[in-house]
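File shown: my_file-v6.cif. Contents: mmCIF, C-alpha atoms.
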```cif
data_data
#
loop_
_atom_site.group_PDB
_atom_site.id
_atom_site.type_symbol
_atom_site.label_atom_id
_atom_site.label_comp_id
_atom_site.auth_asym_id
_atom_site.auth_seq_id
_atom_site.Cartn_x
_atom_site.Cartn_y
_atom_site.Cartn_z
ATOM 1 C CA MET G 6 -24.650 8.748 -76.427
ATOM 2 C CA ARG G 7 -26.443 11.620 -74.665
ATOM 3 C CA HIS G 8 -27.582 9.287 -71.873
ATOM 4 C CA LEU G 9 -24.082 7.862 -71.546
ATOM 5 C CA LEU G 10 -22.591 11.364 -71.330
ATOM 6 C CA THR G 11 -25.159 12.396 -68.730
ATOM 7 C CA ALA G 12 -24.456 9.301 -66.661
ATOM 8 C CA THR G 13 -20.710 9.954 -66.861
ATOM 9 C CA ILE G 14 -21.159 13.546 -65.659
ATOM 10 C CA CYS G 15 -23.375 12.410 -62.771
ATOM 11 C CA LEU G 16 -20.867 9.776 -61.689
ATOM 12 C CA ALA G 17 -18.055 12.332 -61.805
ATOM 13 C CA ALA G 18 -20.097 14.725 -59.687
ATOM 14 C CA LEU G 19 -20.793 12.017 -57.134
ATOM 15 C CA ALA G 20 -17.116 11.111 -56.991
ATOM 16 C CA ALA G 21 -16.230 14.752 -56.283
ATOM 17 C CA THR G 22 -18.804 15.126 -53.491
ATOM 18 C CA PRO G 23 -17.176 14.999 -50.054
ATOM 19 C CA VAL G 24 -18.207 12.107 -47.831
ATOM 20 C CA ARG G 25 -20.007 13.463 -44.776
ATOM 21 C CA ALA G 26 -20.160 12.039 -41.290
ATOM 22 C CA ALA G 27 -23.209 9.912 -40.752
ATOM 23 C CA LEU G 28 -23.547 10.097 -36.976
ATOM 24 C CA THR G 29 -27.028 8.715 -36.383
ATOM 25 C CA LEU G 30 -29.113 7.918 -33.335
ATOM 26 C CA ASN G 31 -29.781 4.215 -32.975
ATOM 27 C CA GLY G 32 -32.969 2.654 -31.640
ATOM 28 C CA THR G 33 -31.772 3.027 -28.057
ATOM 29 C CA GLY G 34 -31.058 6.738 -28.469
ATOM 30 C CA ILE G 35 -34.414 7.394 -30.138
ATOM 31 C CA ALA G 36 -36.343 5.434 -27.511
ATOM 32 C CA ASP G 37 -34.498 7.317 -24.764
ATOM 33 C CA GLY G 38 -35.712 10.641 -26.187
ATOM 34 C CA PHE G 39 -32.506 12.010 -27.691
ATOM 35 C CA THR G 40 -32.514 14.253 -30.757
ATOM 36 C CA LEU G 41 -29.658 14.912 -33.186
ATOM 37 C CA SER G 42 -29.128 17.617 -35.799
ATOM 38 C CA THR G 43 -26.193 19.036 -37.774
ATOM 39 C CA TYR G 44 -24.914 22.366 -36.465
ATOM 40 C CA PHE G 45 -21.786 22.888 -38.605
ATOM 41 C CA THR G 46 -20.643 21.223 -41.821
ATOM 42 C CA ASP G 47 -16.993 20.899 -42.781
ATOM 43 C CA PRO G 48 -16.470 22.267 -46.328
ATOM 44 C CA ASN G 49 -14.256 19.350 -47.303
ATOM 45 C CA GLY G 50 -15.982 16.500 -45.531
ATOM 46 C CA SER G 51 -12.605 15.297 -44.326
ATOM 47 C CA SER G 52 -10.539 14.979 -41.160
ATOM 48 C CA SER G 53 -9.991 18.673 -40.565
ATOM 49 C CA TYR G 54 -11.950 19.911 -37.517
ATOM 50 C CA TYR G 55 -13.238 23.208 -38.854
ATOM 51 C CA ASP G 56 -15.404 23.518 -35.747
ATOM 52 C CA LEU G 57 -13.615 21.905 -32.822
ATOM 53 C CA ALA G 58 -15.373 23.651 -29.928
ATOM 54 C CA ASN G 59 -18.194 26.109 -29.286
ATOM 55 C CA ALA G 60 -19.140 28.418 -26.426
ATOM 56 C CA PRO G 61 -21.829 31.113 -26.106
ATOM 57 C CA LEU G 62 -20.662 34.716 -26.393
ATOM 58 C CA ALA G 63 -22.322 37.496 -24.413
ATOM 59 C CA ASP G 64 -24.297 38.770 -27.427
ATOM 60 C CA GLY G 65 -26.015 35.417 -28.056
ATOM 61 C CA THR G 66 -23.729 34.257 -30.862
ATOM 62 C CA LEU G 67 -21.216 31.445 -30.514
ATOM 63 C CA LEU G 68 -17.457 31.201 -30.470
ATOM 64 C CA GLY G 69 -16.274 28.538 -32.901
ATOM 65 C CA VAL G 70 -12.802 27.074 -33.262
ATOM 66 C CA ASP G 71 -11.549 26.609 -36.831
ATOM 67 C CA TYR G 72 -8.693 24.276 -36.000
ATOM 68 C CA ALA G 73 -8.033 23.383 -39.653
ATOM 69 C CA GLU G 74 -7.235 26.971 -40.690
ATOM 70 C CA GLY G 75 -6.053 28.392 -37.349
ATOM 71 C CA LYS G 76 -8.950 30.766 -36.722
ATOM 72 C CA LEU G 77 -11.589 31.612 -34.181
ATOM 73 C CA LEU G 78 -15.066 32.069 -35.642
ATOM 74 C CA LYS G 79 -18.109 34.078 -34.643
ATOM 75 C CA LEU G 80 -21.155 31.949 -35.512
ATOM 76 C CA ASN G 81 -24.923 32.164 -35.365
ATOM 77 C CA ASN G 82 -26.534 29.879 -32.820
ATOM 78 C CA THR G 83 -28.713 28.073 -35.346
ATOM 79 C CA ASP G 84 -28.179 24.778 -37.113
ATOM 80 C CA GLY G 85 -26.795 24.661 -40.645
ATOM 81 C CA GLN G 86 -23.657 26.741 -40.062
ATOM 82 C CA SER G 87 -20.481 26.585 -42.187
ATOM 83 C CA LEU G 88 -17.406 28.689 -42.848
ATOM 84 C CA GLY G 89 -19.480 30.635 -45.353
ATOM 85 C CA THR G 90 -22.023 31.701 -42.718
ATOM 86 C CA ALA G 91 -19.463 32.895 -40.158
ATOM 87 C CA LEU G 92 -20.108 36.431 -38.904
ATOM 88 C CA GLY G 93 -16.403 37.081 -38.401
ATOM 89 C CA SER G 94 -13.053 35.443 -37.723
ATOM 90 C CA VAL G 95 -9.602 36.127 -36.283
ATOM 91 C CA SER G 96 -6.403 34.178 -36.773
ATOM 92 C CA PHE G 97 -5.148 32.067 -33.906
ATOM 93 C CA SER G 98 -2.809 29.133 -34.282
ATOM 94 C CA GLY G 99 -3.210 26.397 -31.705
ATOM 95 C CA ALA G 100 -5.597 23.787 -30.380
ATOM 96 C CA ILE G 101 -8.324 25.494 -28.359
ATOM 97 C CA ASN G 102 -11.228 24.489 -26.148
ATOM 98 C CA ALA G 103 -13.796 26.972 -24.889
ATOM 99 C CA ALA G 104 -16.211 27.498 -21.999
ATOM 100 C CA THR G 105 -18.417 30.262 -20.623
ATOM 101 C CA ALA G 106 -18.309 31.112 -16.900
ATOM 102 C CA ASN G 107 -20.265 33.916 -15.208
ATOM 103 C CA GLY G 108 -21.123 35.416 -18.591
ATOM 104 C CA VAL G 109 -17.507 35.516 -19.778
ATOM 105 C CA THR G 110 -16.294 33.270 -22.592
ATOM 106 C CA TYR G 111 -12.859 31.717 -22.109
ATOM 107 C CA ALA G 112 -10.571 29.965 -24.565
ATOM 108 C CA ALA G 113 -7.891 27.567 -23.349
ATOM 109 C CA ALA G 114 -5.104 27.241 -25.884
ATOM 110 C CA SER G 115 -3.145 24.087 -25.142
ATOM 111 C CA GLY G 116 0.365 24.944 -23.966
ATOM 112 C CA ILE G 117 -0.181 28.644 -24.735
ATOM 113 C CA GLY G 118 -2.505 30.130 -22.143
ATOM 114 C CA LEU G 119 -5.997 31.101 -21.036
ATOM 115 C CA PHE G 120 -7.862 33.989 -22.687
ATOM 116 C CA ALA G 121 -11.102 35.885 -22.195
ATOM 117 C CA VAL G 122 -12.914 36.285 -25.531
ATOM 118 C CA SER G 123 -15.045 39.341 -26.373
ATOM 119 C CA ASN G 124 -18.009 39.503 -28.758
ATOM 120 C CA SER G 125 -15.614 40.810 -31.418
ATOM 121 C CA LEU G 126 -13.238 37.861 -30.801
ATOM 122 C CA THR G 127 -10.640 40.005 -29.064
ATOM 123 C CA LEU G 128 -8.454 37.821 -26.835
ATOM 124 C CA THR G 129 -7.379 39.101 -23.422
ATOM 125 C CA PRO G 130 -4.807 36.945 -21.575
ATOM 126 C CA VAL G 131 -5.838 35.721 -18.126
ATOM 127 C CA ALA G 132 -3.013 35.643 -15.593
ATOM 128 C CA VAL G 133 -2.932 32.189 -14.016
ATOM 129 C CA GLN G 134 -1.062 31.447 -10.800
ATOM 130 C CA GLY G 135 2.162 29.489 -11.079
ATOM 131 C CA GLY G 136 2.313 29.821 -14.851
ATOM 132 C CA VAL G 137 -0.179 26.977 -15.339
ATOM 133 C CA THR G 138 -1.213 26.653 -18.971
ATOM 134 C CA PRO G 139 -4.429 24.718 -19.636
ATOM 135 C CA GLY G 140 -4.627 21.691 -21.891
ATOM 136 C CA LEU G 141 -7.593 20.712 -24.029
ATOM 137 C CA GLY G 142 -9.941 19.455 -21.318
ATOM 138 C CA LEU G 143 -11.989 22.470 -20.177
ATOM 139 C CA TRP G 144 -15.342 23.020 -18.469
ATOM 140 C CA ALA G 145 -16.943 25.819 -16.459
ATOM 141 C CA ASN G 146 -18.184 24.991 -12.970
ATOM 142 C CA PRO G 147 -21.743 26.421 -13.094
ATOM 143 C CA VAL G 148 -21.808 26.986 -9.314
ATOM 144 C CA THR G 149 -18.430 28.596 -8.573
ATOM 145 C CA GLY G 150 -17.704 30.169 -11.964
ATOM 146 C CA HIS G 151 -14.286 28.515 -11.908
ATOM 147 C CA LEU G 152 -12.750 26.643 -14.827
ATOM 148 C CA ILE G 153 -11.840 22.973 -14.515
ATOM 149 C CA CYS G 154 -9.130 21.905 -16.935
ATOM 150 C CA ASN G 155 -6.214 19.602 -17.490
ATOM 151 C CA CYS G 156 -2.630 20.802 -17.669
ATOM 152 C CA SER G 157 0.835 19.297 -17.371
ATOM 153 C CA ALA G 158 0.368 18.998 -13.588
ATOM 154 C CA GLY G 159 -2.947 17.153 -13.862
ATOM 155 C CA ILE G 160 -6.533 18.306 -13.298
ATOM 156 C CA VAL G 161 -6.842 21.772 -11.769
ATOM 157 C CA ASP G 162 -9.467 24.296 -10.676
ATOM 158 C CA ILE G 163 -8.763 27.830 -11.926
ATOM 159 C CA ASP G 164 -10.480 30.941 -10.615
ATOM 160 C CA PRO G 165 -10.331 33.067 -13.799
ATOM 161 C CA VAL G 166 -10.838 36.289 -11.817
ATOM 162 C CA SER G 167 -8.051 35.878 -9.259
ATOM 163 C CA GLY G 168 -5.946 33.403 -11.227
ATOM 164 C CA THR G 169 -5.817 31.054 -8.212
ATOM 165 C CA VAL G 170 -5.110 27.406 -9.071
ATOM 166 C CA THR G 171 -6.183 24.426 -6.937
ATOM 167 C CA PHE G 172 -4.905 20.942 -7.705
ATOM 168 C CA ILE G 173 -7.586 18.241 -8.065
ATOM 169 C CA ALA G 174 -5.912 15.066 -9.358
ATOM 170 C CA SER G 175 -2.697 13.893 -10.999
ATOM 171 C CA ASN G 176 -4.268 12.497 -14.181
ATOM 172 C CA ASN G 177 -1.891 14.423 -16.423
ATOM 173 C CA GLY G 178 -3.049 12.476 -19.479
ATOM 174 C CA ALA G 179 -6.672 13.431 -18.857
ATOM 175 C CA ASP G 180 -9.027 14.814 -21.466
ATOM 176 C CA GLY G 181 -12.781 15.172 -21.755
ATOM 177 C CA VAL G 182 -13.258 17.207 -18.563
ATOM 178 C CA THR G 183 -16.776 17.992 -17.360
ATOM 179 C CA VAL G 184 -18.454 19.162 -14.131
ATOM 180 C CA SER G 185 -21.811 18.079 -12.725
ATOM 181 C CA PRO G 186 -24.505 20.820 -12.645
ATOM 182 C CA ASP G 187 -24.350 20.984 -8.837
ATOM 183 C CA GLY G 188 -20.652 21.844 -9.140
ATOM 184 C CA GLN G 189 -19.593 18.951 -6.925
ATOM 185 C CA THR G 190 -18.278 16.239 -9.242
ATOM 186 C CA VAL G 191 -15.609 16.420 -11.939
ATOM 187 C CA TYR G 192 -15.477 13.667 -14.579
ATOM 188 C CA VAL G 193 -12.415 13.211 -16.760
ATOM 189 C CA GLU G 194 -11.327 10.773 -19.439
ATOM 190 C CA ALA G 195 -7.906 9.204 -18.941
ATOM 191 C CA ASN G 196 -6.418 6.204 -20.716
ATOM 192 C CA GLY G 197 -9.754 4.884 -21.956
ATOM 193 C CA GLU G 198 -11.491 5.245 -18.592
ATOM 194 C CA ILE G 199 -13.793 7.843 -17.027
ATOM 195 C CA ASN G 200 -12.852 8.938 -13.505
ATOM 196 C CA GLY G 201 -14.955 10.983 -11.089
ATOM 197 C CA TYR G 202 -13.786 13.270 -8.262
ATOM 198 C CA ASN G 203 -15.831 14.991 -5.575
ATOM 199 C CA ILE G 204 -14.688 18.614 -5.426
ATOM 200 C CA SER G 205 -17.280 19.993 -2.979
ATOM 201 C CA ASN G 206 -14.324 20.593 -0.631
ATOM 202 C CA LEU G 207 -11.279 21.627 -2.654
ATOM 203 C CA SER G 208 -9.036 20.965 0.324
ATOM 204 C CA ASN G 209 -10.175 17.330 0.486
ATOM 205 C CA ILE G 210 -10.699 15.914 -3.016
ATOM 206 C CA GLN G 211 -12.196 12.417 -3.106
ATOM 207 C CA ALA G 212 -12.110 9.883 -5.955
ATOM 208 C CA VAL G 213 -15.710 8.663 -6.350
ATOM 209 C CA TYR G 214 -15.963 6.842 -9.686
ATOM 210 C CA ASN G 215 -13.988 4.723 -12.112
ATOM 211 C CA SER G 216 -15.621 3.221 -15.177
ATOM 212 C CA GLY G 217 -12.820 0.816 -16.037
ATOM 213 C CA ASN G 218 -11.815 0.577 -19.678
ATOM 214 C CA ILE G 219 -15.076 1.036 -21.558
ATOM 215 C CA GLY G 220 -13.750 0.605 -25.105
ATOM 216 C CA HIS G 221 -14.705 2.945 -27.982
ATOM 217 C CA SER G 222 -11.802 5.344 -27.100
ATOM 218 C CA PRO G 223 -13.771 7.855 -24.969
ATOM 219 C CA ASP G 224 -13.057 11.570 -25.203
ATOM 220 C CA GLY G 225 -15.391 14.514 -24.479
ATOM 221 C CA THR G 226 -17.853 14.088 -21.594
ATOM 222 C CA ALA G 227 -20.967 15.838 -20.224
ATOM 223 C CA VAL G 228 -23.445 15.200 -17.399
ATOM 224 C CA ILE G 229 -27.199 14.897 -18.045
ATOM 225 C CA VAL G 230 -29.470 17.232 -16.062
ATOM 226 C CA GLY G 231 -33.035 16.242 -15.176
ATOM 227 C CA GLY G 232 -35.284 13.468 -16.438
ATOM 228 C CA THR G 233 -34.827 9.709 -16.402
ATOM 229 C CA PHE G 234 -31.084 9.864 -17.059
ATOM 230 C CA ALA G 235 -30.148 12.646 -14.621
ATOM 231 C CA GLY G 236 -26.571 12.179 -13.464
ATOM 232 C CA ASP G 237 -25.574 9.905 -16.345
ATOM 233 C CA VAL G 238 -22.417 10.842 -18.234
ATOM 234 C CA LEU G 239 -22.494 11.284 -22.004
ATOM 235 C CA VAL G 240 -19.301 10.306 -23.829
ATOM 236 C CA ASN G 241 -18.205 11.362 -27.325
ATOM 237 C CA ASN G 242 -15.989 8.527 -28.541
ATOM 238 C CA ASN G 243 -13.072 8.568 -30.978
ATOM 239 C CA ASP G 244 -14.579 5.626 -32.878
ATOM 240 C CA GLY G 245 -17.561 7.691 -34.061
ATOM 241 C CA THR G 246 -20.029 6.564 -31.397
ATOM 242 C CA VAL G 247 -21.770 8.374 -28.542
ATOM 243 C CA GLY G 248 -22.578 6.550 -25.316
ATOM 244 C CA LEU G 249 -23.952 6.823 -21.792
ATOM 245 C CA LEU G 250 -22.422 5.777 -18.477
ATOM 246 C CA THR G 251 -24.328 5.493 -15.185
ATOM 247 C CA PRO G 252 -22.047 6.212 -12.195
ATOM 248 C CA GLY G 253 -23.303 4.141 -9.293
ATOM 249 C CA GLY G 254 -25.467 2.059 -11.629
ATOM 250 C CA PRO G 255 -25.009 -0.748 -14.157
ATOM 251 C CA SER G 256 -21.506 -1.012 -15.589
ATOM 252 C CA GLY G 257 -20.624 -0.573 -19.239
ATOM 253 C CA GLU G 258 -21.394 2.067 -21.839
ATOM 254 C CA THR G 259 -24.740 2.159 -23.623
ATOM 255 C CA ILE G 260 -24.266 3.378 -27.204
ATOM 256 C CA ILE G 261 -26.990 5.782 -28.347
ATOM 257 C CA ALA G 262 -25.485 6.949 -31.664
ATOM 258 C CA SER G 263 -22.966 5.575 -34.148
ATOM 259 C CA GLY G 264 -21.684 5.889 -37.711
ATOM 260 C CA GLY G 265 -19.709 9.089 -37.179
ATOM 261 C CA THR G 266 -16.064 9.942 -37.701
ATOM 262 C CA ARG G 267 -13.638 10.677 -34.838
ATOM 263 C CA GLY G 268 -15.539 12.249 -31.965
ATOM 264 C CA ASP G 269 -13.677 14.744 -29.783
ATOM 265 C CA PHE G 270 -14.792 17.806 -27.788
ATOM 266 C CA VAL G 271 -18.255 18.334 -26.383
ATOM 267 C CA THR G 272 -19.404 21.789 -25.276
ATOM 268 C CA PRO G 273 -22.766 22.830 -23.810
ATOM 269 C CA ASP G 274 -25.165 25.348 -25.297
ATOM 270 C CA THR G 275 -26.261 26.925 -22.022
ATOM 271 C CA SER G 276 -29.050 28.846 -23.784
ATOM 272 C CA ASN G 277 -31.126 25.739 -24.489
ATOM 273 C CA GLY G 278 -29.626 22.681 -22.819
ATOM 274 C CA THR G 279 -28.296 21.024 -25.962
ATOM 275 C CA LEU G 280 -24.768 19.722 -26.439
ATOM 276 C CA PHE G 281 -22.345 20.269 -29.319
ATOM 277 C CA LEU G 282 -20.494 17.128 -30.420
ATOM 278 C CA SER G 283 -17.408 17.808 -32.525
ATOM 279 C CA GLU G 284 -16.355 15.294 -35.162
ATOM 280 C CA GLU G 285 -13.737 15.446 -37.877
ATOM 281 C CA ASP G 286 -16.108 16.587 -40.596
ATOM 282 C CA ALA G 287 -19.093 18.093 -38.785
ATOM 283 C CA THR G 288 -20.397 19.390 -35.481
ATOM 284 C CA PHE G 289 -23.658 17.911 -34.262
ATOM 285 C CA ARG G 290 -26.207 19.180 -31.754
ATOM 286 C CA LEU G 291 -27.511 16.565 -29.327
ATOM 287 C CA GLY G 292 -30.696 17.231 -27.370
ATOM 288 C CA LEU G 293 -32.789 15.327 -24.843
ATOM 289 C CA GLN G 294 -36.541 15.610 -24.478
ATOM 290 C CA GLY G 295 -37.346 16.588 -20.896
ATOM 291 C CA GLY G 296 -33.721 17.094 -19.880
ATOM 292 C CA SER G 297 -30.584 19.023 -20.687
ATOM 293 C CA LEU G 298 -27.029 18.032 -21.483
ATOM 294 C CA GLY G 299 -24.103 19.502 -19.627
ATOM 295 C CA SER G 300 -25.855 22.666 -18.484
ATOM 296 C CA GLY G 301 -28.690 23.964 -16.326
ATOM 297 C CA PRO G 302 -32.474 23.837 -16.730
ATOM 298 C CA SER G 303 -33.506 22.895 -20.231
ATOM 299 C CA ASN G 304 -35.543 24.816 -22.759
ATOM 300 C CA ASN G 305 -35.153 21.847 -25.068
ATOM 301 C CA VAL G 306 -38.607 20.345 -24.481
ATOM 302 C CA PRO G 307 -41.054 18.929 -27.040
ATOM 303 C CA GLU G 308 -44.436 20.354 -27.940
ATOM 304 C CA PRO G 309 -47.427 19.297 -25.779
ATOM 305 C CA GLY G 310 -48.606 16.763 -28.353
ATOM 306 C CA SER G 311 -45.156 15.201 -28.442
ATOM 307 C CA LEU G 312 -45.055 15.108 -24.662
ATOM 308 C CA LEU G 313 -48.258 13.055 -24.658
ATOM 309 C CA LEU G 314 -46.814 10.663 -27.218
ATOM 310 C CA ILE G 315 -43.592 10.325 -25.276
ATOM 311 C CA GLY G 316 -45.418 9.811 -22.011
ATOM 312 C CA THR G 317 -47.603 7.015 -23.348
ATOM 313 C CA GLY G 318 -45.161 5.335 -25.699
ATOM 314 C CA LEU G 319 -41.644 5.799 -24.341
ATOM 315 C CA ALA G 320 -41.693 6.114 -20.554
ATOM 316 C CA ALA G 321 -41.680 2.380 -19.926
ATOM 317 C CA LEU G 322 -38.956 1.887 -22.508
ATOM 318 C CA ARG G 323 -36.732 4.426 -20.759
ATOM 319 C CA VAL G 324 -37.147 2.790 -17.367
ATOM 320 C CA LEU G 325 -36.324 -0.600 -18.833
ATOM 321 C CA ARG G 326 -33.411 0.856 -20.785
ATOM 322 C CA ARG G 327 -31.831 2.367 -17.694
ATOM 323 C CA ALA G 328 -32.381 -0.790 -15.667
ATOM 324 C CA GLY G 329 -30.653 -2.782 -18.379
ATOM 325 C CA ARG G 330 -27.881 -0.252 -19.033
ATOM 326 C CA GLY G 331 -25.131 -2.757 -18.297
ATOM 327 C CA ARG G 332 -26.411 -5.204 -20.911
ATOM 328 C CA ALA G 333 -25.952 -2.782 -23.841
ATOM 329 C CA ALA G 334 -22.283 -1.967 -23.561
ATOM 330 C CA GLY G 335 -21.295 -2.425 -27.197
#
```

Would you kindly transcribe this structure into structure tokens?
Amino acid sequence: MRHLLTATICLAALAATPVRAALTLNGTGIADGFTLSTYFTDPNGSSSYYDLANAPLADGTLLGVDYAEGKLLKLNNTDGQSLGTALGSVSFSGAINAATANGVTYAAASGIGLFAVSNSLTLTPVAVQGGVTPGLGLWANPVTGHLICNCSAGIVDIDPVSGTVTFIASNNGADGVTVSPDGQTVYVEANGEINGYNISNLSNIQAVYNSGNIGHSPDGTAVIVGGTFAGDVLVNNNDGTVGLLTPGGPSGETIIASGGTRGDFVTPDTSNGTLFLSEEDATFRLGLQGGSLGSGPSNNVPEPGSLLLIGTGLAALRVLRRAGRGRAAG
């Protein structure tokens, strides 16, 4: 009877344990040198988005977006965070994305406005020309310090200091906005496709890339900096996968991770070259050995012994993987 009672209690405990996302690198992602860890864990393990977006604050902590409870969070920039480890919070109702430009953290609240965010989570409205209110696609141009975002008019460039707005493209259903590290190419998701625009001359925008419908319901995007996959576009997909696209190279999306819940925003950790991937029940941190994701030069490099192992065991695999990118689109 005691064993039966113990077994019953254990089964009840298992039944009450929330089911967590199981986003996992596949063989392709591991061979390509990607790393994956859990940054933030949803307390309920459900579709709630307790950490929808992250952006570095000036004091080295991170802004987090608690979409489920309508709060902004101040978080440590170390893995293993949760609501219980938050350093502070303020109430804010609305869907928010975040980005850091020229040392200032900005929050774009869809249909509400653009705000500068202080270390204490104080929100200061940013006056934007023409009453443009950003949508959920948001990225900081690392060269100009401008913000690239979607709004009801399409994709726009916003100078957060002057409030000047420059129209880029009419993809008013766009999401998943990102900017290449040289500040010259904007990538956006729209209707299941990834589109690229050259913005080196804001008075003469050029369309330079279209992926076609890649499947997997793409969402957040980021450009890889340095290494074998420099210039490739990472995509966080709604179907719980993460993939790579190669503009100007083989067609199709190469899946490097799968098993997650609904992927959404991606935001860069500019302090170390990793990338935050938001999902419904967790936020993950994606890294790349010898490269960085969505930001400038990477500090995310392996130890010397690991470098030797990678150099002797994985270099050929990476070259072959990139050459065969179009063959691994599912």

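Remark: for Ala262 in chain G, the closest of the candidate residues G:Val148, G:Leu28, G:Cys156, G:Ala235 is G:Leu28 (distances computed over only C-alpha atoms).
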
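The spacing separating CA of Gly178 in chain G from CA of Ser98 in chain G amounts to 22.3 Å.
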
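Across the model, the gap from CA of Trp144 in chain G to CA of Gly245 in chain G is 22.0 Å.
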
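All protein, DNA and RNA residues at most 7 Å from (-4.7, 24.9, -33.4) are G:Tyr72, G:Gly75, G:Ser98, G:Gly99, G:Ala100, G:Ile101, using only C-alpha atoms.
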
Counting only C-alpha atoms, I want the residues whose atoms come within 12 Å of (-20.5, 1.0, -26.6) in the file frame, returned as an MDAnalysis selection string. chainID G and resid 31 33 218:223 239:250 256:263 330:335

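Applied to the shown file, the PyMOL selection byres ((chain G and resi 41) around 10) selects the residues Leu28, Thr29, Leu30, Gly34, Ile35, Phe39, Thr40, Ser42, Thr43, Tyr44, Ala262, Thr279, Leu280, Phe281, Leu282, Phe289, Arg290, Leu291, Gly292 and Leu293 of chain G.
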
The selected residues should be written to file as a PDB file, keeping the file's coordinate frame (atoms: C-alpha atoms).
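Below is the file that was written, again-v9.pdb:
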```pdb
ATOM      1  CA  LEU G  28     -23.547  10.097 -36.976  1.00  0.00           C
ATOM      2  CA  THR G  29     -27.028   8.715 -36.383  1.00  0.00           C
ATOM      3  CA  LEU G  30     -29.113   7.918 -33.335  1.00  0.00           C
ATOM      4  CA  GLY G  34     -31.058   6.738 -28.469  1.00  0.00           C
ATOM      5  CA  ILE G  35     -34.414   7.394 -30.138  1.00  0.00           C
ATOM      6  CA  PHE G  39     -32.506  12.010 -27.691  1.00  0.00           C
ATOM      7  CA  THR G  40     -32.514  14.253 -30.757  1.00  0.00           C
ATOM      8  CA  SER G  42     -29.128  17.617 -35.799  1.00  0.00           C
ATOM      9  CA  THR G  43     -26.193  19.036 -37.774  1.00  0.00           C
ATOM     10  CA  TYR G  44     -24.914  22.366 -36.465  1.00  0.00           C
ATOM     11  CA  ALA G 262     -25.485   6.949 -31.664  1.00  0.00           C
ATOM     12  CA  THR G 279     -28.296  21.024 -25.962  1.00  0.00           C
ATOM     13  CA  LEU G 280     -24.768  19.722 -26.439  1.00  0.00           C
ATOM     14  CA  PHE G 281     -22.345  20.269 -29.319  1.00  0.00           C
ATOM     15  CA  LEU G 282     -20.494  17.128 -30.420  1.00  0.00           C
ATOM     16  CA  PHE G 289     -23.658  17.911 -34.262  1.00  0.00           C
ATOM     17  CA  ARG G 290     -26.207  19.180 -31.754  1.00  0.00           C
ATOM     18  CA  LEU G 291     -27.511  16.565 -29.327  1.00  0.00           C
ATOM     19  CA  GLY G 292     -30.696  17.231 -27.370  1.00  0.00           C
ATOM     20  CA  LEU G 293     -32.789  15.327 -24.843  1.00  0.00           C
TER      21      LEU G 293
END
```

Can you tell me, as a PyMOL selection string, what residues are no more than 9 Å from Phe234 in chain G when counting all atoms listed in the file, ignoring any on the same chain fewer than 3 positions away? chain G and resi 37+229-231+237-238+251+296+323+327

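From CA of Phe120 in chain G back to CA of Lys79 in chain G, the distance works out to 15.7 Å.
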
Could you tell me, as a list of chain:residue names, exactly which residues end up selected when the PyMOL selection byres ((chain G and resi 131) around 8) is applied to this structure? G:Gly118, G:Leu119, G:Phe120, G:Ala121, G:Thr129, G:Pro130, G:Ala132, G:Val133, G:Pro165, G:Gly168

So what does the PyMOL selection byres ((chain G and resi 61) around 10) actually pick up in this one, as number ranges by chain? G: 59-60, 62-69, 79-82, 103-106, 108-111, 124, 272-276

Name all residues at most 8 Å from range 194-200 of chain G (count all atoms listed in the file; drop same-chain ones fewer than 4 positions away) and give them as an mmCIF file with C-alpha atoms, in the frame of the given file.
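Saved file part-v4.cif follows:
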```
data_model
loop_
_atom_site.group_PDB
_atom_site.id
_atom_site.type_symbol
_atom_site.label_atom_id
_atom_site.label_comp_id
_atom_site.auth_asym_id
_atom_site.auth_seq_id
_atom_site.Cartn_x
_atom_site.Cartn_y
_atom_site.Cartn_z
ATOM 1 C CA ASN G 176 -4.268 12.497 -14.181
ATOM 2 C CA GLY G 178 -3.049 12.476 -19.479
ATOM 3 C CA ALA G 179 -6.672 13.431 -18.857
ATOM 4 C CA ASP G 180 -9.027 14.814 -21.466
ATOM 5 C CA GLY G 181 -12.781 15.172 -21.755
ATOM 6 C CA VAL G 182 -13.258 17.207 -18.563
ATOM 7 C CA ALA G 212 -12.110 9.883 -5.955
ATOM 8 C CA VAL G 213 -15.710 8.663 -6.350
ATOM 9 C CA TYR G 214 -15.963 6.842 -9.686
ATOM 10 C CA ASN G 215 -13.988 4.723 -12.112
ATOM 11 C CA SER G 216 -15.621 3.221 -15.177
ATOM 12 C CA GLY G 217 -12.820 0.816 -16.037
ATOM 13 C CA ASN G 218 -11.815 0.577 -19.678
ATOM 14 C CA ILE G 219 -15.076 1.036 -21.558
ATOM 15 C CA GLY G 220 -13.750 0.605 -25.105
ATOM 16 C CA SER G 222 -11.802 5.344 -27.100
ATOM 17 C CA PRO G 223 -13.771 7.855 -24.969
ATOM 18 C CA ASP G 224 -13.057 11.570 -25.203
ATOM 19 C CA GLY G 225 -15.391 14.514 -24.479
ATOM 20 C CA THR G 226 -17.853 14.088 -21.594
#
```

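Considering the residues G:Ser157, G:Ser175, G:Asn107, G:Ser52 and counting all atoms listed in the file, Arg267 in chain G has its shortest atom-to-atom contact with G:Ser52.
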
What's the 8 Å shell around Val161 in chain G, counting only C-alpha atoms, without same-chain residues fewer than 2 positions away, as a PyMOL selection string? chain G and resi 153-156+158-159+163+170-174

Limited to C-alpha atoms, could you put the picked residues into a file as a tab-separated table (two decimals), in the coordinates of the input?
```tsv
chain	number	residue	atom	x	y	z
G	153	ILE	CA	-11.84	22.97	-14.52
G	154	CYS	CA	-9.13	21.90	-16.93
G	155	ASN	CA	-6.21	19.60	-17.49
G	156	CYS	CA	-2.63	20.80	-17.67
G	158	ALA	CA	0.37	19.00	-13.59
G	159	GLY	CA	-2.95	17.15	-13.86
G	163	ILE	CA	-8.76	27.83	-11.93
G	170	VAL	CA	-5.11	27.41	-9.07
G	171	THR	CA	-6.18	24.43	-6.94
G	172	PHE	CA	-4.90	20.94	-7.70
G	173	ILE	CA	-7.59	18.24	-8.06
G	174	ALA	CA	-5.91	15.07	-9.36
```
